[in-house]
Amino acid sequence: MPDEAVEWPISGKVIVFMEITVRSLWTLIHGFGFGALYLLACSGGILELYRSTASPAPTPSTPRHEIFLRVYLITMVVLAWGAVLSGAYIVYPWYRAVPPPGAVNSLMYPQHLLMSNPSTIGWHSLGMEWKEHVSWLAPISITMAAYVFIRYGRDLRNHRQLRAAVLSFALVSFVAAGVAGFFGAMINKNAPVQGGHTIQLSQNMEALGK
Amino acid sequence: MNASVETAPVNTASPTSLTNGPAAAAVLAAGIGSFALGVLAVAGDKSALLKGWFTFYKPTGPLSGVTTSAVVIWLICWGALEWRWRKSSVSAGRISAIALVLLALGLMLTFPPIADVL
C-alpha cells in the first residue's frame, strides 16, 4: 500500500508516493532480511537435523541431499551472524543515540522515547536489554551445530549424547532468535528507528481517466 | 578440561564411526561461549569500570565489548579443545551435560530480571 496518495487537481492524475529512510531500510534488512529469514530457516533446519541424525526411521539420504543440508546450515549461520552484526553495529547505534540538550524531536531517539513514558519503559529495560544479549546465543549455537553436522554428517547417529546436545543448542538458537525477533518487532512498533536519507521506492502517476 | 574427562569410558559409537573429540570440543566451547556472554553481560551492566572497558565501539557502547569478548573466548576455547581432542574420544555424556548447564546459565544471565538480583 502506498504511504500517501494525492489527487492532482488539475490533470486528474494520482501521484503515489512510497519512500523509506535509510535507517528504516537497514532495520528491515536486520529484522526481516536476516532475523525473520533465520527464524523461518530454523524450523526447517532443526527438523531436518533431527530427521537426519535422531529419527528412529531415517529416510534414505543421497549425496545431493547431504550437500543441500550443508548449504542450508551454512546459510543459517550466515543469516544468524548477519542479524546480530547488523543489529549491533548498524541499527543499535541509531536506537541508543542520546538526544542533544534542548532537542525537541524525541522521535529520532527511540531509546529515549521509550524511557520517557512509563507505559513503554519496559520495552527497553526488559525487551532491548534482553534482546541485545540473548540474540548472540543464536549464531554461536547454530555455528556449532552446523560445524558438527558438516563434520560428522549421518555418523552423528552414533554419538547419541552429543547429538542430543547439538539439537538442544539448535533449539536454544531458535528460542533466542524468537525472543530477539519478538522484542525487536515490538520495540520498532513503539519507537521505530527513523531518519537518514530518504529513498524513493515508487512515484507512479496513474491516470484516472477523468 | 581435566584428564579424567579424556580417560573416561568412550561413547557407544560403532567401530567405524569418527572419534567424538571434535564434536565434544565444539559443543563444550559453545557452552563456555554462551556462559561467558551471560557473565560478561552482567559484569558490563553492574560495573561502571567494565562498562568503559567494554566500549570497543562507541556508537554501540558496552555491547560491542561484551559480545566481542564472548565470541573471542568461545573461539579460543574451541580452538584449544579441538587441538587437544582432535583424535581422541571423550566422555560425551559428561561433556554434553556440562555444556548444556553452561548454556542454561548463559541464557538465564542474559535475562534482565535475573541479572538485576545478582
# chains A, B, ... in the order shown; residues from 1 in each chain; ligands from 1
call {"tool": "closest_atom_pairs", "arguments": {"of": "chain A", "to": "chain B", "cutoff": "9 Å", "atoms": "only C-alpha atoms", "output": "Markdown table"}}
result
| residue | atom | partner | partner_atom | distance |
| --- | --- | --- | --- | --- |
| A:Ala88 | CA | B:Thr60 | CA | 6.4 |
| A:Tyr89 | CA | B:Thr60 | CA | 6.2 |
| A:Ile90 | CA | B:Thr60 | CA | 8.5 |
| A:Tyr92 | CA | B:Thr60 | CA | 6.4 |
| A:Pro93 | CA | B:Pro59 | CA | 4.9 |
| A:Trp94 | CA | B:Pro59 | CA | 8.1 |
| A:Arg96 | CA | B:Thr60 | CA | 7.8 |
| A:Ala97 | CA | B:Pro59 | CA | 7.6 |
| A:Ser125 | CA | B:Pro112 | CA | 7.8 |
| A:Leu126 | CA | B:Pro112 | CA | 6.1 |
| A:Gly127 | CA | B:Pro112 | CA | 8.8 |
| A:Glu129 | CA | B:Pro112 | CA | 6.6 |
| A:Trp130 | CA | B:Phe111 | CA | 5.4 |
| A:Lys131 | CA | B:Thr110 | CA | 8.5 |
| A:Glu132 | CA | B:Leu63 | CA | 7.6 |
| A:His133 | CA | B:Thr110 | CA | 6.0 |
| A:Val134 | CA | B:Thr110 | CA | 5.8 |
| A:Trp136 | CA | B:Thr67 | CA | 7.4 |
| A:Leu137 | CA | B:Ser34 | CA | 6.2 |
| A:Ile140 | CA | B:Ala30 | CA | 6.3 |
| A:Ser141 | CA | B:Ala30 | CA | 6.3 |
| A:Thr143 | CA | B:Ala30 | CA | 8.8 |
| A:Met144 | CA | B:Ala26 | CA | 5.8 |
| A:Ala145 | CA | B:Val27 | CA | 8.1 |
| A:Tyr147 | CA | B:Ala26 | CA | 7.9 |
| A:Val148 | CA | B:Ala23 | CA | 5.6 |
| A:Phe149 | CA | B:Ala23 | CA | 8.9 |
| A:Arg151 | CA | B:Ala23 | CA | 8.3 |
| A:Tyr152 | CA | B:Leu18 | CA | 7.3 |
| A:Asp155 | CA | B:Ser17 | CA | 6.2 |
| A:Leu156 | CA | B:Ser17 | CA | 8.5 |
| A:Arg157 | CA | B:Ala13 | CA | 8.4 |
| A:Asn158 | CA | B:Ala13 | CA | 4.6 |
| A:His159 | CA | B:Ala13 | CA | 5.7 |
| A:Arg160 | CA | B:Thr12 | CA | 8.0 |
| A:Gln161 | CA | B:Gly93 | CA | 5.5 |
| A:Leu162 | CA | B:Ser96 | CA | 6.0 |
| A:Ala164 | CA | B:Ser96 | CA | 8.2 |
| A:Ala165 | CA | B:Ser96 | CA | 5.7 |
| A:Val166 | CA | B:Val27 | CA | 6.9 |
| A:Ser168 | CA | B:Leu100 | CA | 7.8 |
| A:Phe169 | CA | B:Leu100 | CA | 7.8 |
| A:Val172 | CA | B:Leu103 | CA | 8.6 |
| A:Ala176 | CA | B:Leu107 | CA | 8.5 |
call {"tool": "residues_around", "arguments": {"residues": "segment 71-74 of chain A", "least_positions_apart": "4", "cutoff": "7 Å", "atoms": "only C-alpha atoms", "output": "PDB file with C-alpha atoms, in the first residue's frame"}}
result
ATOM      1  CA  GLY A  45      16.772 -26.829   9.816  1.00  0.00           C
ATOM      2  CA  ILE A  67      25.087 -31.231   0.149  1.00  0.00           C
ATOM      3  CA  VAL A  78      25.325 -16.503   7.660  1.00  0.00           C
ATOM      4  CA  ALA A 146      26.435 -26.661  11.543  1.00  0.00           C
TER       5      ALA A 146
END
call {"tool": "residues_around", "arguments": {"residues": "Ser86 of chain A", "least_positions_apart": "4", "cutoff": "9 Å", "atoms": "only C-alpha atoms", "output": "ChimeraX atom specification"}}
result
/A:26-27,29-30,34,81-82,90-92
call {"tool": "residues_around", "arguments": {"residues": "Phe54 of chain B", "least_positions_apart": "3", "cutoff": "7 Å", "atoms": "only C-alpha atoms", "output": "PyMOL selection string"}}
result
chain B and resi 44+50-51+62+64-66
call {"tool": "select_by_dssp", "arguments": {"residues": "segment 29-137 of chain A", "states": "alpha helix (DSSP H)", "output": "PyMOL selection string"}}
result
chain A and resi 37-53+63-86+92-95+110-115+121-122+129-134+137
call {"tool": "closest_residue", "arguments": {"among": "A:Phe17, A:Phe182, A:Phe32, A:Tyr38", "to": "Thr75 of chain A", "atoms": "only C-alpha atoms"}}
result
A:Tyr38
call {"tool": "atom_distance", "arguments": {"atom1": "atom CA of Leu114 of chain A", "atom2": "atom CA of Met186 of chain A"}}
result
11.3 Å
call {"tool": "atom_distance", "arguments": {"atom1": "atom CA of Leu171 of chain A", "atom2": "atom CA of Ile46 of chain A"}}
result
7.2 Å
call {"tool": "select_by_dssp", "arguments": {"residues": "chain A", "states": "strand (DSSP E)", "output": "PyMOL selection string"}}
result
chain A and resi 4-7+13-21+198-207
call {"tool": "atom_distance", "arguments": {"atom1": "atom CA of Leu167 of chain A", "atom2": "atom CA of Ala54 of chain A"}}
result
9.2 Å
